[in-house]
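Undergrad: This is the structure I want to talk about, given as structure tokens.
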Protein chains: 2
Amino acid sequence: MDLATLVRHARGDAPADLLLRHARVVNVFSGEIEETNVAVFHTRIVGLGDYAAEQVLDLDGAYVAPGFIDAHVHIESAMVPPGEFARAVVPRGTTTVVIDPHEIANVLGLDGIRFMFDCAKYGPLSMYVMVSSCVPATTLETSGAVLHAEDLVSFRSDPWVRGLAEVMNYRSVVAGDAEVLRKLQVFDGGIVDGHAPQLSGKALQAYVAAGIQSDHECTTPEEAREKLRLGMTIFIREGTIARNLAALVPLVTAATQHRFCFCTDDRQPADLLDLGHIDHLVRYGIELGLDPITSIRLATCNPAAYFRMYDRGGIAPGRRADMVVFDDLRAPKPRIVFRGGQMVARDGEMLVQPRPTPARGLRGTINIAWDKVGLRIPAVGRVARVIGVIPGDLNTLELHEPIASEEGTAVTDTSRDIVKLAVIERHMASGATGLGFVKGLGLARGAIASSVAHDHHNLVVAGADDESMLTAARRVARLNGGMVAAEGERVIAEAPLPLAGLMSTAPVETVRTQVDDVLRAAASLGSRLHDPFMTMSFLALEVIPALKLTDRGLVDATRMEYVPLWVE
Amino acid sequence: MDLATLVRHARGDAPADLLLRHARVVNVFSGEIEETNVAVFHTRIVGLGDYAAEQVLDLDGAYVAPGFIDAHVHIESAMVPPGEFARAVVPRGTTTVVIDPHEIANVLGLDGIRFMFDCAKYGPLSMYVMVSSCVPATTLETSGAVLHAEDLVSFRSDPWVRGLAEVMNYRSVVAGDAEVLRKLQVFDGGIVDGHAPQLSGKALQAYVAAGIQSDHECTTPEEAREKLRLGMTIFIREGTIARNLAALVPLVTAATQHRFCFCTDDRQPADLLDLGHIDHLVRYGIELGLDPITSIRLATCNPAAYFRMYDRGGIAPGRRADMVVFDDLRAPKPRIVFRGGQMVARDGEMLVQPRPTPARGLRGTINIAWDKVGLRIPAVGRVARVIGVIPGDLNTLELHEPIASEEGTAVTDTSRDIVKLAVIERHMASGATGLGFVKGLGLARGAIASSVAHDHHNLVVAGADDESMLTAARRVARLNGGMVAAEGERVIAEAPLPLAGLMSTAPVETVRTQVDDVLRAAASLGSRLHDPFMTMSFLALEVIPALKLTDRGLVDATRMEYVPLWVE
């Protein structure tokens, strides 16, 4: 829309398209509730007050707030592509998300990032991208792609790119690693998100000095306070696994409130459907004692300011008409959602068709040379390094356990909850397969396999016997990706994730049912973990201590080096 | 400095250049006072805490705050160029100014703007430019230059340019005038400052919808509240004439504090020397009841955030080492000032040489065709429109007064305080001269003349007789600009302003003395106004009601059209 038209409508010399009458506007600038009307023309808010309009919607005193913004989310964790993700979150009041397409970038590199862009275009949700900074996470794994600093340069000037996504290899930054500093250099002067769990003292100051501006990994008020004092913006995360809102809320005071944003990071389908999205954080924040307008600020003007998105984040003339309508200020539950002036959701239902996933889709990403893959572990020792699961924690223990053998082959021992773990390279069909043992998954028999294995997303499979493991793993490959539970030759349950082995083409409700199915199947095989698939997906992530397995072998994730399976 | 070096020093693996030990750091992020040390390397702060350093300065518990930022200032009003301005304000703790080179742009156009850049380069004060948006203010005057939208385009990508300066012709914006909208379009997505005194209601909403983001013209809390609610950032101004801090302080609350900045707009030498600069606003804000950290925020992190200057505004690793040291948090009076890690001022004195004004200087800007200039007013009527001075107000009255004549020539009447006013075009030597009468300057005899006449800065002269007027006016021209008081053939006092007719080449203390001299001389001629030169300089500004005089004639500044001198 040209400025002259905008100005004419703001002046009131031409009728608005829509007037929201009798609104209680949440004014995030002044921190007040204003009883007024909101006039919308085309995609913009043109004015507040008495305006003539083609269409009038009487809100009868309902509240109107700016559309919610998720400051940091990996859509892949919802296991659906952006269009379907929009269907899940837009009715919850989310109108803008800032994504890090980190998972798909590890599988498909630049093509993966572009796929996310393509899915989001013309859809009912504004999607901005922070370009993935750590693909792959380390050199101790085989990812589907490697992104060097120069690969990121062209994104710097893309209007849909806001900056560089969470710089996870914080140790490299602090150490002054040339490659990661080059990436920071590419985004010099721009926005750079951080990820620095428990980093403190001078190491943290070095990290901040490098230009990193936010952190979403704080778990305690002390940790967040130290980062806040150094000028970092704190993203308060409430995801499916990591939930930090209750711990951090006490830090959000009148003096500091503008330094915090809300984000979900990773939310699985069940949580999106049962709890909601950013609206859930807004409500939960209020429940925990935040002033409602403050809680809404963390979801609106604060992330807009941090991400330099000056066209949104408030209800004011000239800004995008991204708005949510709700009835209870103490528990905002979006009843109507506008995005760019269009009513896109009402009573929890989308009113517009999200853009379908591009028909061209993605090439198959499960490329395994099965003839090179073997699961046999020769019994060349008696005591092995075994990955010890800590329930509810992404960290693991390095256990040293005696391993029995049969005819020269090391075998599992379900009586001691020790099963086999394999990570099979699935990008380049190299046949590379890491083999080891894990204790604590609880599998009494059968196997579970998945193409979701952070961050390289190779095929990970754990099982009581090789036959079940191969059944599950081969089924994952046949599905072009997914989660499978199997016993012997039989597949018990499956959740197909054919898009990069990470996301489904089904509706989010279907995905949720399928995930419930595979979890139930895993329970039937003996696991008592809340989500053994998720636990397993992090057994392959070698940036979190202590012992992890990649397709290249066992990794001491504290010292960041390979270690042999056998201790003696 | 490369990132690797910065990180190494922040990590503490290489000694800092300087450690400020036993500091009480004003943490504008967390809103706390932190007792710690501040380590500086080269131009940057590298860390807070225990660091080894080449040099240690024990502050013995003194406070350290970020360097102060003036969010909006016309340096020309200080009557000295940027280098000398720096000498006046840097010892007061100002390390960054955002200027609108509006006065010199009206005289010299793009050359004038570039001159300001040149003066500021490599100097001890960071100077950022908002590009002047209204040159000339209207078409009812002759300015030295005209800046069209396309003249501004190349500034858009200049790293020293932050955006478009105060859009003063707010009526044109609201009316949707194509030329002003084109200028806004040039800076679309960038920062655009406003200037909209008393604009309200739908007109104000249209102005905001056009993308204008700040205002420094609020004089009442009601006016500021309306603008705040619309998402504007409010610059609280405390200049030499306009002083709004006391009126606006009540609006700055915990909920709104991050939406305000401090600015001086126009401060003359005497005020800079006697009161100070932004430090004066910080102290005065505290005196008026602001929490000291809040008051400091309005001078540091808030303007830094508004102007997207992410490298400053706080004491944190990686940020520019722009810092002020003071002893009393209730009345911060900068004792030491660091700019980019260098101690640039101590105990009110500059420690570094400000950059001298470029030797090349500026071409002479007083170009008058004296042979075409006449001051005679033929007595073709009996009652004339006379500009009525309102003491302490830039507005004037339109008076209708009988004017006596001698031999067909209209004459002054000092018994009724009516003297002659002339505005002589001084840019193009066109000879254009506006003539009229003014009541209320208080001149009993003699004349005062000046090349400062907002905004076109033609030569303005007022006097009891033509001879005195010509003496004063010709002396201004001979000086290449300045302020002069004369009687008959005698020049009584003068303040030369040879740089564009606006600024002196002398030290600011000398300029202050010279200005005091000409004011004393004006008083000796009978004027009892606080500053008749300043009053006169606004008699030529046709954007402020009611009756004004430009080189083209009398202007009804309410209806924005020429009016005849004679009523009957």
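Please note that chains go A, B, ... in the order of the structure tokens, that every chain numbers its residues from 1, and that ligands are numbered from 1 in the order shown.
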Skipping near chain neighbours, those fewer than 4 positions away, what residues fall within 10 Å of Val167 of chain B using only C-alpha atoms, listed as a PyMOL selection string?

TA: chain B and resi 132-134+137+171-173+180+183-184+192-196+207+212+214-215

Undergrad: Near Ala486 of chain B, counting only C-alpha atoms, which residues have an atom at most 8 Å away, once you skip same-chain residues fewer than 5 positions from it, shown as a ChimeraX atom specification?

TA: /B:446-448,468-469,471-472,491-493

Undergrad: Could the residues in this selection be saved with all heavy atoms as a tab-separated table (two decimals), in the first residue's frame?

TA:
chain	number	residue	atom	x	y	z
B	446	GLY	N	18.93	53.03	16.82
B	446	GLY	CA	19.89	52.07	16.30
B	446	GLY	C	19.22	50.86	15.64
B	446	GLY	O	18.03	50.87	15.34
B	447	ALA	N	20.03	49.81	15.43
B	447	ALA	CA	19.52	48.62	14.74
B	447	ALA	C	20.30	47.38	15.18
B	447	ALA	O	21.43	47.47	15.66
B	447	ALA	CB	19.65	48.81	13.22
B	448	ILE	N	19.67	46.25	15.00
B	448	ILE	CA	20.35	44.96	15.18
B	448	ILE	C	20.15	44.14	13.91
B	448	ILE	O	19.10	44.20	13.28
B	448	ILE	CB	19.85	44.20	16.43
B	448	ILE	CG1	18.34	43.91	16.34
B	448	ILE	CG2	20.15	44.99	17.71
B	448	ILE	CD1	17.81	43.05	17.49
B	468	SER	N	21.10	53.22	10.49
B	468	SER	CA	21.57	52.21	11.46
B	468	SER	C	21.39	50.81	10.90
B	468	SER	O	22.25	49.93	11.04
B	468	SER	CB	20.79	52.34	12.77
B	468	SER	OG	20.98	53.61	13.35
B	469	MET	N	20.23	50.59	10.26
B	469	MET	CA	19.94	49.26	9.71
B	469	MET	C	20.98	48.87	8.66
B	469	MET	O	21.48	47.74	8.66
B	469	MET	CB	18.53	49.22	9.11
B	469	MET	CG	17.42	49.24	10.16
B	469	MET	SD	15.76	49.37	9.41
B	469	MET	CE	15.51	47.70	8.81
B	471	THR	N	24.00	50.07	8.33
B	471	THR	CA	25.30	49.88	8.99
B	471	THR	C	25.40	48.46	9.56
B	471	THR	O	26.39	47.75	9.36
B	471	THR	CB	25.49	50.91	10.13
B	471	THR	OG1	25.38	52.21	9.58
B	471	THR	CG2	26.84	50.72	10.80
B	472	ALA	N	24.36	48.09	10.28
B	472	ALA	CA	24.37	46.76	10.92
B	472	ALA	C	24.38	45.65	9.87
B	472	ALA	O	25.18	44.71	9.95
B	472	ALA	CB	23.15	46.63	11.85
B	491	VAL	N	29.26	50.83	14.46
B	491	VAL	CA	29.00	49.47	14.94
B	491	VAL	C	29.29	49.45	16.44
B	491	VAL	O	30.38	49.81	16.88
B	491	VAL	CB	29.91	48.45	14.21
B	491	VAL	CG1	29.83	47.09	14.88
B	491	VAL	CG2	29.52	48.36	12.73
B	492	ILE	N	28.33	49.04	17.23
B	492	ILE	CA	28.51	49.04	18.69
B	492	ILE	C	29.11	47.72	19.17
B	492	ILE	O	30.01	47.70	20.00
B	492	ILE	CB	27.17	49.27	19.42
B	492	ILE	CG1	26.48	50.51	18.87
B	492	ILE	CG2	27.39	49.39	20.93
B	492	ILE	CD1	25.08	50.72	19.46
B	493	ALA	N	28.59	46.63	18.65
B	493	ALA	CA	29.10	45.31	19.07
B	493	ALA	C	28.85	44.32	17.95
B	493	ALA	O	27.95	44.50	17.13
B	493	ALA	CB	28.41	44.86	20.36

Undergrad: Return as an NGL selection string the full set of residues in segment 493-554 of chain A whose backbone-based DSSP assignment is strand (DSSP E or B).

TA: :A and (493-496 or 499 or 503 or 547-550 or 553-554)

Undergrad: Save the residues we just selected, C-alpha atoms, as a compact mmCIF listing (two decimals), in the first residue's frame?

TA:
# COMPACT_ATOMS: atom_id res chain seq x y z
CA ALA A 493 3.75 -48.90 15.27
CA GLU A 494 5.07 -46.16 13.07
CA ALA A 495 4.98 -42.41 12.61
CA PRO A 496 6.14 -41.51 9.08
CA LEU A 499 10.03 -34.61 4.87
CA MET A 503 8.44 -33.83 9.39
CA LEU A 547 29.05 -40.20 26.60
CA LYS A 548 27.33 -40.13 23.21
CA LEU A 549 27.28 -42.20 20.04
CA THR A 550 27.47 -40.84 16.50
CA GLY A 553 31.69 -43.99 17.05
CA LEU A 554 31.55 -43.34 20.75

Undergrad: Let's see if you can do this: from backbone DSSP, list all alpha helix (DSSP H) residues in segment 185-230 of chain A, as a VMD selection string.

TA: chain A and resid 185 to 186 201 to 209 221 to 229

Undergrad: Quick check: residues of chain A within 7 Å of chain B, only C-alpha atoms, returned as a ChimeraX atom specification.

TA: /A:3-4,6-7,10-12,27,29-31,46-47,174,176,181,202-203,205-206,208-211,228-231,254-256,316-318

Undergrad: Dump C-alpha atoms for the selected residues as an mmCIF file, in the first residue's frame?

TA:
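Output file out35.cif follows:
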data_model
loop_
_atom_site.group_PDB
_atom_site.id
_atom_site.type_symbol
_atom_site.label_atom_id
_atom_site.label_comp_id
_atom_site.auth_asym_id
_atom_site.auth_seq_id
_atom_site.Cartn_x
_atom_site.Cartn_y
_atom_site.Cartn_z
ATOM 1 C CA LEU A 3 1.911 5.947 1.891
ATOM 2 C CA ALA A 4 -0.623 8.403 0.482
ATOM 3 C CA LEU A 6 -2.331 4.870 4.260
ATOM 4 C CA VAL A 7 -2.259 8.489 5.372
ATOM 5 C CA ALA A 10 -5.525 7.282 8.937
ATOM 6 C CA ARG A 11 -6.796 10.828 8.526
ATOM 7 C CA GLY A 12 -10.288 9.410 8.252
ATOM 8 C CA ASN A 27 -1.355 -0.686 24.759
ATOM 9 C CA PHE A 29 3.731 1.227 24.621
ATOM 10 C CA SER A 30 2.063 3.027 27.491
ATOM 11 C CA GLY A 31 1.289 -0.062 29.535
ATOM 12 C CA VAL A 46 -4.798 2.981 10.374
ATOM 13 C CA GLY A 47 -6.101 4.495 13.571
ATOM 14 C CA VAL A 174 35.153 -18.535 23.529
ATOM 15 C CA GLY A 176 38.272 -17.902 19.220
ATOM 16 C CA LEU A 181 34.229 -16.107 14.138
ATOM 17 C CA LYS A 202 34.968 -14.597 31.613
ATOM 18 C CA ALA A 203 33.986 -17.283 29.151
ATOM 19 C CA GLN A 205 31.972 -12.291 28.647
ATOM 20 C CA ALA A 206 34.095 -13.472 25.725
ATOM 21 C CA VAL A 208 29.081 -11.648 24.610
ATOM 22 C CA ALA A 209 32.054 -9.629 23.377
ATOM 23 C CA ALA A 210 31.884 -11.621 20.152
ATOM 24 C CA GLY A 211 28.561 -9.949 19.461
ATOM 25 C CA LEU A 228 21.010 -9.832 31.639
ATOM 26 C CA ARG A 229 23.683 -7.722 33.315
ATOM 27 C CA LEU A 230 25.926 -8.215 30.308
ATOM 28 C CA GLY A 231 23.267 -6.761 28.060
ATOM 29 C CA ALA A 254 9.462 -3.215 36.155
ATOM 30 C CA ALA A 255 13.116 -2.293 35.717
ATOM 31 C CA THR A 256 14.033 -5.259 33.487
ATOM 32 C CA ALA A 316 -0.753 1.728 16.419
ATOM 33 C CA PRO A 317 -1.300 3.544 13.119
ATOM 34 C CA GLY A 318 0.818 2.209 10.293
#

Undergrad: So which one's closest to Ala78 of chain B, B:Pro292, B:Pro378, B:Pro332, B:Gly239? Using only C-alpha atoms, please.

TA: B:Gly239

Undergrad: Using only C-alpha atoms, determine which residues lie at most 10 Å from segment 408-423 of chain A, disregarding the query and same-chain residues fewer than 6 positions distant; provide the list as number ranges by chain.

TA: A: 374-382, 384, 386-388, 401-402, 432-451, 453, 457-466, 469, 473, 526-527, 536, 539-540, 549-553

Undergrad: Grab the atom CA of Arg87 of chain B to atom CA of Gly501 of chain B distance for me, in Å with one decimal place.

TA: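 Answer for the atom CA of Arg87 of chain B to atom CA of Gly501 of chain B separation: 20.9 Å.
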
Undergrad: Identify which of the residues B:Gly276, B:Pro101, B:Pro250, B:Pro303 lies closest to Gly289 of chain B, counting only C-alpha atoms when measuring atom-to-atom distances.

TA: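 Once distances to Gly289 of chain B are computed over only C-alpha atoms, the minimum belongs to B:Pro250.
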
Undergrad: Report as a list of chain:residue names all protein, DNA and RNA residues lying within 8 Å of Asp322 of chain B, evaluated on only C-alpha atoms, omitting residues in the same chain fewer than 5 positions from it.

TA: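 Counting only C-alpha atoms, the residues come to B:Pro66, B:Gly67, B:Thr95, B:Arg312, B:Val337, B:Phe338, B:Arg339, B:Gly340, B:Gly341.
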
Undergrad: Contacts of Thr365 of chain B at 8 Å or less, counting only C-alpha atoms, minus same-chain residues fewer than 6 places along, as a list in words?

TA: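 The contact residues come out as Val107, Leu108, Arg426, His427, Asn480, Gly481, Ala500 and Gly501 of chain B.
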
Undergrad: Skipping near chain neighbours, those fewer than 5 positions away, what residues fall within 12 Å of Arg243 of chain B using only C-alpha atoms, listed as an MDAnalysis selection string?

TA: chainID B and resid 216:220 235:238 248:249 262:267 281 284 392

Undergrad: What would the file look like if the residues just selected were written as a short mmCIF file (atom, residue, chain, number, x, y, z; two decimals), in the first residue's frame with C-alpha atoms?

TA:
data_model
loop_
_atom_site.label_atom_id
_atom_site.label_comp_id
_atom_site.auth_asym_id
_atom_site.auth_seq_id
_atom_site.Cartn_x
_atom_site.Cartn_y
_atom_site.Cartn_z
CA HIS B 216 10.54 16.19 20.62
CA GLU B 217 7.94 18.94 20.60
CA CYS B 218 5.69 17.79 23.43
CA THR B 219 5.10 20.51 25.98
CA THR B 220 2.38 18.93 28.12
CA PHE B 235 12.36 12.87 23.18
CA ILE B 236 12.23 15.09 26.24
CA ARG B 237 13.80 18.40 25.26
CA GLU B 238 15.50 20.89 27.47
CA LEU B 248 7.01 15.69 30.99
CA VAL B 249 8.79 13.95 33.88
CA PHE B 262 16.73 13.10 26.36
CA CYS B 263 17.65 15.78 23.82
CA THR B 264 18.65 19.44 23.81
CA ASP B 265 17.53 20.44 20.28
CA ASP B 266 18.98 23.96 20.50
CA ARG B 267 21.38 25.13 23.21
CA LEU B 281 19.11 16.84 31.84
CA TYR B 284 17.58 17.84 36.46
CA GLY B 392 9.11 34.36 25.23
#

Undergrad: Provide the atom CA of Ala477 of chain B to atom CA of Pro498 of chain B distance in Å, to one decimal place.

TA: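 Computing the Euclidean distance for atom CA of Ala477 of chain B and atom CA of Pro498 of chain B yields 9.3 Å.
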
Undergrad: Here is a test: counting only C-alpha atoms, which residue of A:Val40, A:Val484, A:Ala86, A:Ala71 is nearest to Gln353 of chain A?

TA: A:Ala86

Undergrad: My list of candidates is A:Leu110, A:Cys261, A:Ala53, A:Ala246. Which is closest to Asp70 of chain A when distances are computed with only C-alpha atoms?

TA: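 Closest to Asp70 of chain A, using only C-alpha atoms: A:Cys261.
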
Undergrad: In Å, how far is it from atom CA of Ile75 of chain A to atom CA of Leu541 of chain A?

TA: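 Pair atom CA of Ile75 of chain A / atom CA of Leu541 of chain A returns 18.7 Å.
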